[in-house]
Amino acid sequence: MRLQSPWAVPLIALALASRLAAAAFVTTNQAEMSQIYGQPVFATTPIDVRFQPVVTIVAPGLLNITTLAELNALFGLSPVNAPGINMFFVDSVSVCNTPTPAPGIQGCATINGNDIVVESVAAADPLPLAGPVGSLSAGAALNAHELAHNLGLPHIPECAPSVPPNLMDCLLTGYELTAAQAATVLANSSVLQSDPSGLFVSITPILILPIPAPPALLLFGSALMLGWLSRRRAAH
């Protein structure tokens, strides 16, 4: 097809960039998560949280998880076997252990499993939460909360508000863990690993995209746009 307008390729590039900008994005919060799993109740056995390089998967139908079938399909794409952990970043999650969408869900994880999904915006939430190692972000608490499910912890019964705010309170207003919860994690988890430096978990972040990122086309379109603007300025 012949492109008649000098805007055609730049517009194609801008359209692709716009679609990519609307997609999910990754925020690992690695350092803060390690602080949460290094709080005093872990004593001499803190857990280091280590993120691997980002894996991208094109799955436009799984950017918004609204059914259990979609959740199962998403986890079916997991590239890593236990003890490694898969953490998917999507636009929205509205189901977890309920058959129909529910308000307020920002993530979901398998208890004693190795799959996690979180909403990108929620994982990047900078809202500060107080706790035993100082102020940490709500996004880090969300990621750590879902990781705790993989590490064997359920929610506090009936998601009752806790004092002090506990990481496993589903209202997620804090990140503290009890000694009993830490003991459960250290005794029961199938995803804990160790090396000479101590205990750690290995998480592969998986970014769900609506379309493949075409960097060459975007650069070509940007170059054409700059060239067209230069010619336009020169004409005036």
# chains A, B, ... in the order shown; residues from 1 in each chain; ligands from 1
call {"tool": "select_by_dssp", "arguments": {"residues": "region 106-192 of chain A", "states": "strand (DSSP E or B)", "output": "PDB file with N, CA and C atoms, in the first residue's frame"}}
result
ATOM      1  N   GLY A 107      -4.167  -8.251  43.329  1.00  0.00           N
ATOM      2  CA  GLY A 107      -3.226  -9.312  43.020  1.00  0.00           C
ATOM      3  C   GLY A 107      -3.784 -10.652  43.445  1.00  0.00           C
ATOM      4  N   CYS A 108      -3.098 -11.701  43.058  1.00  0.00           N
ATOM      5  CA  CYS A 108      -3.521 -13.049  43.407  1.00  0.00           C
ATOM      6  C   CYS A 108      -2.294 -13.951  43.344  1.00  0.00           C
ATOM      7  N   ALA A 109      -2.266 -14.960  44.201  1.00  0.00           N
ATOM      8  CA  ALA A 109      -1.136 -15.890  44.214  1.00  0.00           C
ATOM      9  C   ALA A 109      -1.597 -17.246  44.710  1.00  0.00           C
ATOM     10  N   ASP A 115       3.174 -19.100  41.536  1.00  0.00           N
ATOM     11  CA  ASP A 115       2.627 -18.133  40.587  1.00  0.00           C
ATOM     12  C   ASP A 115       1.990 -16.953  41.311  1.00  0.00           C
ATOM     13  N   ILE A 116       2.227 -15.758  40.769  1.00  0.00           N
ATOM     14  CA  ILE A 116       1.697 -14.508  41.316  1.00  0.00           C
ATOM     15  C   ILE A 116       1.263 -13.638  40.146  1.00  0.00           C
ATOM     16  N   VAL A 117       0.183 -12.892  40.326  1.00  0.00           N
ATOM     17  CA  VAL A 117      -0.173 -11.843  39.380  1.00  0.00           C
ATOM     18  C   VAL A 117      -0.504 -10.590  40.176  1.00  0.00           C
ATOM     19  N   VAL A 118      -0.021  -9.441  39.706  1.00  0.00           N
ATOM     20  CA  VAL A 118      -0.318  -8.163  40.353  1.00  0.00           C
ATOM     21  C   VAL A 118      -0.686  -7.134  39.298  1.00  0.00           C
ATOM     22  N   GLU A 119      -1.475  -6.155  39.734  1.00  0.00           N
ATOM     23  CA  GLU A 119      -1.774  -5.023  38.861  1.00  0.00           C
ATOM     24  C   GLU A 119      -0.558  -4.100  38.825  1.00  0.00           C
ATOM     25  N   PRO A 128       3.330   5.494  51.424  1.00  0.00           N
ATOM     26  CA  PRO A 128       4.184   4.931  52.481  1.00  0.00           C
ATOM     27  C   PRO A 128       3.373   4.196  53.546  1.00  0.00           C
ATOM     28  N   LEU A 129       3.867   3.034  53.937  1.00  0.00           N
ATOM     29  CA  LEU A 129       3.267   2.257  55.018  1.00  0.00           C
ATOM     30  C   LEU A 129       4.300   2.100  56.125  1.00  0.00           C
ATOM     31  N   LEU A 136       7.837   1.899  54.115  1.00  0.00           N
ATOM     32  CA  LEU A 136       8.015   1.224  52.834  1.00  0.00           C
ATOM     33  C   LEU A 136       6.767   1.449  51.982  1.00  0.00           C
ATOM     34  N   SER A 137       6.899   1.276  50.682  1.00  0.00           N
ATOM     35  CA  SER A 137       5.794   1.599  49.781  1.00  0.00           C
ATOM     36  C   SER A 137       4.704   0.535  49.796  1.00  0.00           C
ATOM     37  N   ASN A 166      -0.833  -6.050  59.740  1.00  0.00           N
ATOM     38  CA  ASN A 166      -0.090  -7.243  59.336  1.00  0.00           C
ATOM     39  C   ASN A 166      -0.039  -7.366  57.821  1.00  0.00           C
ATOM     40  N   GLU A 176       3.920  -5.815  58.669  1.00  0.00           N
ATOM     41  CA  GLU A 176       4.541  -6.572  59.753  1.00  0.00           C
ATOM     42  C   GLU A 176       4.116  -8.038  59.718  1.00  0.00           C
TER      43      GLU A 176
END
call {"tool": "closest_atom_pairs", "arguments": {"of": "region 10-91 of chain A", "to": "region 184-194 of chain A", "cutoff": "12 Å", "atoms": "only C-alpha atoms", "output": "Markdown table"}}
result
| residue | atom | partner | partner_atom | distance |
| --- | --- | --- | --- | --- |
| A:Tyr37 | CA | A:Val185 | CA | 10.0 |
| A:Val41 | CA | A:Leu186 | CA | 11.0 |
| A:Phe42 | CA | A:Leu186 | CA | 8.6 |
| A:Ala43 | CA | A:Leu186 | CA | 11.3 |
| A:Thr44 | CA | A:Leu186 | CA | 11.5 |
| A:Thr45 | CA | A:Leu186 | CA | 8.3 |
| A:Pro46 | CA | A:Leu186 | CA | 9.4 |
| A:Ile47 | CA | A:Leu192 | CA | 8.2 |
| A:Asp48 | CA | A:Ser194 | CA | 9.5 |
| A:Val49 | CA | A:Leu192 | CA | 10.0 |
| A:Arg50 | CA | A:Gln193 | CA | 10.8 |
| A:Val80 | CA | A:Val191 | CA | 11.6 |
| A:Asn81 | CA | A:Val191 | CA | 9.7 |
| A:Ala82 | CA | A:Val191 | CA | 6.1 |
| A:Pro83 | CA | A:Val191 | CA | 4.1 |
| A:Gly84 | CA | A:Val191 | CA | 6.4 |
| A:Ile85 | CA | A:Val191 | CA | 7.2 |
| A:Asn86 | CA | A:Val191 | CA | 10.9 |
call {"tool": "closest_residue", "arguments": {"among": "A:Gly104, A:Pro53, A:Pro157, A:Pro99", "to": "Thr28 (chain A)", "atoms": "only C-alpha atoms"}}
result
A:Pro53
call {"tool": "select_by_dssp", "arguments": {"residues": "region 101-219 of chain A", "states": "helix (DSSP H, G or I)", "output": "ChimeraX atom specification"}}
result
/A:120-123,138-150,157-159,179-188,215-219
